[in-house]
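S.K.: Sharing target17.txt (compact mmCIF, C-alpha atoms and all ligand atoms) below.
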# COMPACT_ATOMS: atom_id res chain seq x y z
CA MET A 1 153.08 -26.60 126.90
CA SER A 2 155.04 -29.72 125.85
CA ILE A 3 156.24 -31.82 128.74
CA SER A 4 159.48 -33.76 128.82
CA GLU A 5 161.32 -35.45 131.68
CA LYS A 6 163.56 -32.40 131.87
CA THR A 7 160.64 -30.02 132.37
CA PRO A 8 160.80 -28.66 135.93
CA ARG A 9 158.20 -30.11 138.31
CA TRP A 10 156.36 -26.81 138.66
CA GLN A 11 155.91 -26.54 134.90
CA GLN A 12 154.59 -30.09 134.76
CA GLU A 13 152.15 -29.30 137.55
CA LEU A 14 151.05 -26.15 135.77
CA ALA A 15 150.52 -28.05 132.53
CA ASN A 16 148.43 -30.61 134.44
CA ALA A 17 146.31 -28.02 136.27
CA ILE A 18 142.55 -28.52 136.14
CA ARG A 19 140.90 -26.51 133.37
CA ASN A 20 137.53 -28.15 133.18
CA VAL A 21 134.58 -27.60 135.50
CA ASP A 22 133.27 -31.17 135.21
CA GLU A 23 136.66 -32.48 136.22
CA LEU A 24 136.64 -30.07 139.15
CA TYR A 25 133.20 -31.33 140.29
CA LYS A 26 134.34 -34.91 139.85
CA ARG A 27 137.57 -34.51 141.76
CA LEU A 28 135.78 -32.93 144.72
CA ASN A 29 132.72 -35.18 144.64
CA LEU A 30 130.55 -32.18 143.84
CA LYS A 31 128.87 -33.53 140.75
CA GLU A 32 125.69 -34.45 142.56
CA ILE A 33 125.53 -31.20 144.45
CA PHE A 34 125.91 -29.02 141.36
CA SER A 35 124.57 -31.02 138.45
CA ASP A 36 122.25 -33.88 139.24
CA ASN A 37 120.41 -32.67 142.27
CA GLU A 38 118.21 -30.15 140.51
CA GLU A 39 114.50 -30.97 140.49
CA CYS A 40 113.44 -28.60 137.71
CA HIS A 41 114.98 -29.56 134.36
CA VAL A 42 114.39 -26.16 132.73
CA GLU A 43 116.17 -24.37 135.56
CA LYS A 44 118.96 -26.93 135.43
CA ALA A 45 119.52 -26.31 131.70
CA GLN A 46 119.47 -22.54 132.18
CA ASN A 47 121.97 -22.73 135.00
CA LYS A 48 124.23 -24.91 132.89
CA GLU A 49 124.14 -22.32 130.13
CA LEU A 50 124.95 -19.49 132.54
CA ILE A 51 127.86 -21.43 134.02
CA SER A 52 129.16 -22.09 130.48
CA GLU A 53 128.96 -18.36 129.79
CA ALA A 54 130.87 -17.58 133.01
CA ILE A 55 133.56 -20.05 131.96
CA ARG A 56 133.68 -18.62 128.46
CA GLN A 57 134.35 -15.20 129.97
CA PHE A 58 136.96 -16.51 132.43
CA PRO A 59 138.00 -20.16 132.16
CA VAL A 60 138.43 -22.51 135.10
CA LEU A 61 142.01 -22.97 136.25
CA VAL A 62 143.27 -24.50 139.48
CA THR A 63 146.40 -26.40 140.44
CA GLU A 64 146.48 -29.81 142.06
CA SER A 65 148.25 -28.37 145.09
CA PHE A 66 145.48 -25.82 145.75
CA LEU A 67 142.78 -28.41 145.07
CA LYS A 68 144.29 -30.76 147.67
CA ARG A 69 143.70 -28.13 150.34
CA MET A 70 139.94 -28.19 149.72
CA THR A 71 137.49 -30.45 151.55
CA PRO A 72 135.78 -32.91 149.18
CA ALA A 73 131.99 -32.66 148.90
CA ASP A 74 131.96 -29.30 150.66
CA SER A 75 130.34 -26.80 148.30
CA SER A 76 131.14 -23.92 150.67
CA ASP A 77 134.84 -24.67 151.03
CA PRO A 78 136.55 -21.24 151.18
CA LEU A 79 139.22 -22.22 148.67
CA LEU A 80 136.71 -23.73 146.26
CA LEU A 81 134.57 -20.57 146.36
CA GLN A 82 137.55 -18.56 145.09
CA ILE A 83 137.81 -20.57 141.89
CA LEU A 84 134.34 -21.98 141.23
CA PRO A 85 132.43 -20.36 138.33
CA THR A 86 128.89 -19.37 139.33
CA ILE A 87 125.79 -18.07 137.61
CA GLN A 88 126.06 -14.73 139.47
CA GLU A 89 129.14 -13.87 137.39
CA VAL A 90 127.10 -13.15 134.30
CA ASP A 91 124.81 -10.64 136.06
CA LYS A 92 125.43 -7.05 135.01
CA ILE A 93 125.49 -5.00 138.23
CA PRO A 94 125.50 -1.15 138.19
CA GLY A 95 128.75 0.27 139.58
CA PHE A 96 130.80 -2.70 138.35
CA GLY A 97 132.85 -2.52 135.13
CA LEU A 98 135.72 -3.79 133.02
CA ASP A 99 138.57 -1.73 134.51
CA PRO A 100 137.69 -0.91 138.12
CA VAL A 101 141.10 0.46 139.13
CA GLY A 102 141.86 2.60 136.07
CA ASP A 103 144.65 0.39 134.68
CA SER A 104 144.10 1.52 131.09
CA ARG A 105 144.59 5.23 131.81
CA ALA A 106 147.80 4.53 133.81
CA ILE A 107 149.62 2.91 130.86
CA PHE A 108 152.60 5.04 129.79
CA ALA A 109 154.21 2.50 127.47
CA PRO A 110 152.88 -0.85 126.18
CA GLY A 111 152.79 -3.23 129.16
CA ILE A 112 153.96 -0.64 131.69
CA MET A 113 151.80 1.53 133.91
CA GLN A 114 152.53 4.15 136.51
CA LYS A 115 150.00 5.07 139.14
CA TYR A 116 152.19 6.12 142.04
CA GLN A 117 155.30 8.24 142.54
CA GLY A 118 158.58 6.34 142.15
CA ARG A 119 157.02 3.04 141.11
CA ALA A 120 156.03 1.48 137.79
CA LEU A 121 154.27 -1.81 137.09
CA MET A 122 155.00 -4.27 134.29
CA ILE A 123 152.36 -6.61 132.92
CA THR A 124 154.97 -9.31 132.36
CA LEU A 125 152.47 -11.81 130.94
CA GLY A 126 148.80 -12.67 131.06
CA GLN A 127 149.00 -16.17 132.48
CA CYS A 128 148.39 -17.31 136.05
CA ALA A 129 148.39 -20.71 137.74
CA ILE A 130 144.87 -20.18 139.05
CA HIS A 131 141.86 -18.15 138.01
CA CYS A 132 140.45 -16.31 141.00
CA ARG A 133 136.87 -15.47 140.13
CA TYR A 134 137.06 -12.03 141.84
CA CYS A 135 140.25 -10.98 139.98
CA PHE A 136 140.24 -7.26 139.14
CA ARG A 137 142.15 -8.03 135.94
CA ARG A 138 139.79 -10.77 134.78
CA LYS A 139 138.82 -8.50 131.86
CA PHE A 140 142.29 -7.03 131.23
CA PRO A 141 143.36 -6.86 127.54
CA TYR A 142 146.59 -8.82 128.05
CA GLN A 143 147.04 -9.27 124.30
CA GLN A 144 148.05 -5.59 124.11
CA SER A 145 151.17 -6.09 126.28
CA PRO A 146 154.56 -7.07 124.81
CA LYS A 147 155.38 -10.78 124.84
CA SER A 148 159.04 -11.27 123.90
CA LEU A 149 162.09 -9.36 125.11
CA GLU A 150 162.36 -7.78 121.66
CA GLN A 151 158.81 -6.49 121.98
CA TRP A 152 159.64 -5.10 125.44
CA GLU A 153 162.55 -3.04 124.13
CA ALA A 154 160.62 0.18 123.38
CA SER A 155 158.78 0.12 126.72
CA LEU A 156 161.98 -0.52 128.69
CA LYS A 157 163.51 2.45 126.92
CA LYS A 158 160.64 4.59 128.20
CA LEU A 159 161.38 3.30 131.68
CA GLN A 160 165.03 4.19 131.19
CA GLU A 161 164.01 7.74 130.33
CA ASN A 162 162.11 8.22 133.59
CA PRO A 163 164.69 8.60 136.39
CA SER A 164 162.00 9.17 139.03
CA ILE A 165 161.14 5.46 139.00
CA GLU A 166 163.10 3.53 141.62
CA GLU A 167 160.93 0.47 141.97
CA ILE A 168 159.65 -1.85 139.27
CA ILE A 169 156.72 -4.11 140.10
CA LEU A 170 156.52 -7.34 138.13
CA SER A 171 152.87 -8.18 137.80
CA GLY A 172 150.55 -9.82 135.32
CA GLY A 173 149.00 -12.39 135.30
CA ASP A 174 151.69 -13.88 137.43
CA PRO A 175 155.33 -13.01 136.62
CA LEU A 176 156.64 -16.27 138.13
CA VAL A 177 154.90 -18.21 135.37
CA LEU A 178 157.88 -17.04 133.28
CA ASN A 179 160.57 -19.70 133.35
CA ASP A 180 163.93 -19.00 135.01
CA ARG A 181 165.67 -18.26 131.73
CA ARG A 182 163.15 -15.62 130.68
CA LEU A 183 162.93 -14.16 134.17
CA GLY A 184 166.73 -13.95 134.27
CA GLN A 185 166.80 -12.14 130.94
CA LEU A 186 164.16 -9.70 132.08
CA LEU A 187 165.97 -9.04 135.36
CA GLU A 188 169.20 -8.39 133.46
CA GLN A 189 167.44 -5.78 131.33
CA LEU A 190 165.97 -4.13 134.42
CA GLU A 191 169.31 -4.15 136.27
CA SER A 192 170.83 -2.18 133.41
CA ILE A 193 168.46 0.72 134.17
CA SER A 194 170.62 2.56 136.66
CA HIS A 195 167.89 4.44 138.54
CA LEU A 196 165.99 1.24 139.44
CA GLN A 197 166.75 0.12 143.00
CA ARG A 198 164.08 -2.44 143.82
CA VAL A 199 162.15 -5.21 142.08
CA ARG A 200 158.83 -6.13 143.62
CA VAL A 201 157.22 -9.39 142.53
CA HIS A 202 153.45 -9.65 142.77
CA THR A 203 152.80 -13.37 142.72
CA ARG A 204 150.31 -15.97 143.86
CA LEU A 205 152.52 -18.88 142.78
CA PRO A 206 154.12 -19.59 146.18
CA ILE A 207 150.52 -20.04 147.41
CA VAL A 208 148.93 -21.99 144.56
CA LEU A 209 151.94 -23.66 142.93
CA PRO A 210 154.52 -23.91 145.75
CA SER A 211 156.88 -26.08 143.69
CA ARG A 212 157.69 -22.89 141.72
CA VAL A 213 159.83 -21.80 144.70
CA THR A 214 163.17 -23.42 143.93
CA ASP A 215 166.75 -22.58 144.88
CA GLU A 216 167.36 -21.54 141.27
CA LEU A 217 164.47 -19.08 141.35
CA LEU A 218 165.57 -17.57 144.64
CA LYS A 219 169.16 -17.24 143.40
CA LEU A 220 167.95 -15.17 140.44
CA PHE A 221 166.66 -12.56 142.86
CA LEU A 222 169.34 -12.91 145.53
CA TYR A 223 172.14 -12.33 143.02
CA SER A 224 170.36 -9.38 141.44
CA ARG A 225 171.60 -5.83 141.90
CA LEU A 226 168.00 -4.91 142.66
CA GLN A 227 166.54 -5.40 146.14
CA PRO A 228 163.80 -8.03 145.76
CA ILE A 229 160.47 -7.93 147.60
CA PHE A 230 157.86 -10.65 147.17
CA VAL A 231 154.20 -9.72 147.60
CA VAL A 232 152.13 -12.90 147.71
CA HIS A 233 148.35 -13.26 147.73
CA ALA A 234 146.55 -15.56 150.17
CA ASN A 235 143.02 -14.99 151.40
CA HIS A 236 142.28 -17.78 153.83
CA PRO A 237 144.27 -19.64 156.51
CA ASN A 238 143.52 -22.98 154.81
CA GLU A 239 145.80 -21.82 151.98
CA ILE A 240 148.80 -21.53 154.29
CA VAL A 241 149.51 -25.22 154.95
CA ASP A 242 151.83 -28.02 153.84
CA ASP A 243 153.83 -27.28 150.67
CA CYS A 244 152.63 -23.67 150.61
CA ALA A 245 153.88 -23.00 154.15
CA ASP A 246 157.21 -24.65 153.23
CA ALA A 247 157.56 -22.48 150.13
CA LEU A 248 156.87 -19.26 152.02
CA HIS A 249 159.31 -20.31 154.72
CA GLN A 250 161.94 -20.96 152.05
CA VAL A 251 161.58 -17.47 150.56
CA VAL A 252 161.70 -15.83 154.01
CA ARG A 253 164.74 -17.91 155.05
CA ALA A 254 166.52 -16.83 151.87
CA GLY A 255 166.28 -13.27 153.20
CA ILE A 256 163.74 -11.90 150.75
CA PRO A 257 161.08 -9.72 152.43
CA VAL A 258 157.65 -11.30 151.92
CA LEU A 259 154.36 -9.42 152.31
CA ASN A 260 150.84 -10.72 151.83
CA GLN A 261 147.87 -9.03 150.29
CA ALA A 262 144.39 -10.47 150.66
CA VAL A 263 141.04 -9.48 149.23
CA LEU A 264 138.03 -9.26 151.54
CA LEU A 265 135.57 -11.78 150.11
CA ARG A 266 132.01 -12.46 151.19
CA GLY A 267 131.48 -15.96 152.56
CA ILE A 268 135.21 -16.73 152.31
CA ASN A 269 137.23 -14.61 154.74
CA ASP A 270 134.78 -12.03 156.10
CA THR A 271 134.96 -12.97 159.77
CA THR A 272 137.36 -11.65 162.37
CA GLU A 273 138.33 -15.20 163.37
CA THR A 274 139.28 -16.16 159.81
CA GLN A 275 141.33 -13.00 159.30
CA ALA A 276 143.05 -13.44 162.67
CA GLU A 277 143.96 -17.03 161.82
CA LEU A 278 145.25 -15.99 158.39
CA CYS A 279 147.42 -13.23 159.89
CA ASN A 280 148.73 -15.53 162.62
CA ARG A 281 149.75 -18.20 160.13
CA LEU A 282 151.49 -15.60 157.98
CA ILE A 283 153.47 -13.96 160.75
CA ASN A 284 154.46 -17.35 162.18
CA LEU A 285 156.21 -17.91 158.85
CA GLY A 286 157.73 -14.43 158.78
CA VAL A 287 155.30 -13.08 156.17
CA ILE A 288 153.90 -9.63 156.95
CA PRO A 289 150.15 -9.12 156.39
CA TYR A 290 150.39 -6.00 154.25
CA TYR A 291 147.02 -5.18 152.72
CA LEU A 292 143.45 -6.34 153.04
CA HIS A 293 141.82 -5.02 149.86
CA GLN A 294 138.25 -3.93 149.54
CA LEU A 295 136.99 -5.77 146.46
CA ASP A 296 137.72 -3.97 143.19
CA ARG A 297 134.39 -3.63 141.43
CA VAL A 298 135.02 -5.67 138.32
CA ASP A 299 132.16 -7.17 136.29
CA GLY A 300 131.37 -10.68 137.48
CA ALA A 301 132.59 -10.25 141.05
CA ALA A 302 129.73 -8.37 142.75
CA HIS A 303 128.64 -11.41 144.77
CA PHE A 304 131.99 -11.33 146.60
CA GLU A 305 131.59 -7.79 147.90
CA VAL A 306 131.56 -7.05 151.64
CA SER A 307 130.47 -3.60 152.85
CA PRO A 308 133.30 -1.24 153.89
CA GLU A 309 131.53 -0.75 157.26
CA ALA A 310 131.73 -4.48 157.97
CA GLY A 311 135.40 -4.49 156.92
CA ILE A 312 136.26 -1.53 159.18
CA LYS A 313 134.55 -3.22 162.15
CA MET A 314 136.52 -6.40 161.49
CA ILE A 315 139.84 -4.54 161.38
CA GLU A 316 138.99 -2.82 164.70
CA GLU A 317 138.36 -6.25 166.22
CA LEU A 318 141.59 -7.59 164.74
CA LYS A 319 143.50 -4.80 166.48
CA GLN A 320 142.29 -6.21 169.81
CA LEU A 321 143.55 -9.69 168.93
CA LEU A 322 146.88 -9.23 167.16
CA PRO A 323 150.09 -7.27 167.53
CA GLY A 324 150.06 -4.07 165.47
CA TYR A 325 152.47 -5.39 162.83
CA ALA A 326 150.15 -8.33 162.15
CA VAL A 327 147.09 -6.25 161.30
CA PRO A 328 146.91 -5.49 157.55
CA LYS A 329 145.97 -2.06 156.24
CA TYR A 330 142.41 -2.18 154.96
CA VAL A 331 142.52 -0.33 151.65
CA ARG A 332 140.64 0.47 148.51
CA GLU A 333 142.17 1.48 145.20
CA ILE A 334 140.49 4.57 143.79
CA PRO A 335 141.51 5.40 140.20
CA GLY A 336 143.54 8.61 139.96
CA LYS A 337 144.52 8.77 143.67
CA PRO A 338 148.28 9.03 144.43
CA GLY A 339 148.19 5.90 146.63
CA LYS A 340 145.83 3.32 148.11
CA THR A 341 143.07 4.82 150.27
CA GLU A 342 142.93 3.42 153.78
CA LEU A 343 139.42 2.63 155.01
CA LYS A 344 138.93 3.53 158.66
S1 LIG B 1 146.49 -15.02 140.54
FE1 LIG B 1 146.21 -12.79 140.69
S2 LIG B 1 146.17 -12.07 138.57
FE2 LIG B 1 145.82 -14.30 138.52
S3 LIG B 1 143.61 -14.56 138.55
FE3 LIG B 1 144.30 -14.63 140.68
S4 LIG B 1 144.12 -12.53 141.41
FE4 LIG B 1 144.05 -12.46 139.18
Kindly present the structure from the file in structure tokens form.
Ligand code: SF4
M.R.:
Amino acid sequence: MSISEKTPRWQQELANAIRNVDELYKRLNLKEIFSDNEECHVEKAQNKELISEAIRQFPVLVTESFLKRMTPADSSDPLLLQILPTIQEVDKIPGFGLDPVGDSRAIFAPGIMQKYQGRALMITLGQCAIHCRYCFRRKFPYQQSPKSLEQWEASLKKLQENPSIEEIILSGGDPLVLNDRRLGQLLEQLESISHLQRVRVHTRLPIVLPSRVTDELLKLFLYSRLQPIFVVHANHPNEIVDDCADALHQVVRAGIPVLNQAVLLRGINDTTETQAELCNRLINLGVIPYYLHQLDRVDGAAHFEVSPEAGIKMIEELKQLLPGYAVPKYVREIPGKPGKTELK
């Protein structure tokens, strides 16, 4: 990405995001903890190799804004653990695979999939502003999705031919990595499909790159014929502070419904207290805790898994602490099912 003075702040911040593990260690004073403090040199070299392999499979990416919310020199910081490559990622664990939620068999046109009645999902692009190590699409073949509007033409035609679809979900990657001009063009194309009524945006940018939420961006959706719904993704209360809280507040104040989906992650947000604090922070900003997802079993993410029994117990405890609307549905996505399966 070339940067000029005219480049919007969010694009500059994205271009300057951290993409190197040594820089990440350095910035958080973790170098000694992870690199130099190993007594056995053979083990140290092996670990280094395994970390390099994990990074080769899924590179490091984190924004400055998200990094600032981490505690320096704390190797168990819950935000750090979401983005830190580890040696466990290269372990091959039975039951884990490349496409845990059956994305490939749901594709009905390049870049578009349909799993559920009335809704279709567009892989708008493969880029994100952060790489979450547990991501269920960390192995997704993004190169097979259309890139330019011209390339989208055939798939949008397929969408046009399916009048049962009322809601289009912009996903990715992260659809808000598209700049306003390209997003506007895409929205225009979607608005011309008469049976579409709603546009849902699945995005982590208001959380990890809050400067992406601008008046211009919000206007694109507010002036659209389609009813917008933002579904953001935050996992821990420490994410919902400062510029992130301001950005969420801005979207809510603009009148766009905002829902949150979180993933249940071992050692990160698997206590009732953490979940209660997350839900409280969200509802105080007007964001509805929508889903708590059981981890999708993608290769490289097994070490994040929490047992469904522990998750169900936590949700029962949450019900004692929070108003009903603040308790997320605890769900698992099972390929081929007509909707998410609630765990209870
Ligand atoms: S932002 Fe979403 S799509 Fe991107 S890596 Fe994280 S979970 Fe995956």
S.K.: Please return, as a list of chain:residue names, all polymer residues that have at least one atom within 10 Å of the point (142.0, -17.2, 140.0); use all atoms listed in the file and the file's own coordinate frame.
M.R.: A:Phe58, A:Pro59, A:Val60, A:Leu61, A:Val62, A:Gln82, A:Ile83, A:Leu84, A:Cys128, A:Ala129, A:Ile130, A:His131, A:Cys132, A:Arg133, A:Tyr134, A:Cys135, A:Arg138, A:Gly173, A:Arg204, A:Val208
S.K.: Can you pull out every residue within 12 Å of Ser307 of chain A, counting all atoms listed in the file, but drop anything in the same chain fewer than 5 positions away, and send it as a ChimeraX atom specification?
M.R.: /A:264-266,270,293-295,302,312-314,332,343
S.K.: Do a neighbour search on Glu239 of chain A at 9 Å with all atoms listed in the file, toss out local chain neighbours closer than 2 positions, and write the hits as a list of chain:residue names.
M.R.: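 The residues satisfying every condition are A:Phe66, A:Arg69, A:Met70, A:Leu79, A:Ile207, A:Val208, A:Ala234, A:Asn235, A:His236, A:Pro237, A:Val241, A:Asp242, A:Cys244, A:Ala245, A:Leu278.
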S.K.: Show me, as number ranges by chain, the residues that have an atom within 9 Å of Ser145 of chain A when counting only C-alpha atoms, minus same-chain residues fewer than 3 positions from it.
M.R.: A: 110-112, 123-126, 141-142, 151-152
S.K.: Mind giving me the straight-line distance from atom CA of Glu89 of chain A to atom CA of Val298 of chain A in Å, one decimal?
M.R.: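 Atom CA of Val298 of chain A lies at a distance of 10.1 Å from atom CA of Glu89 of chain A.
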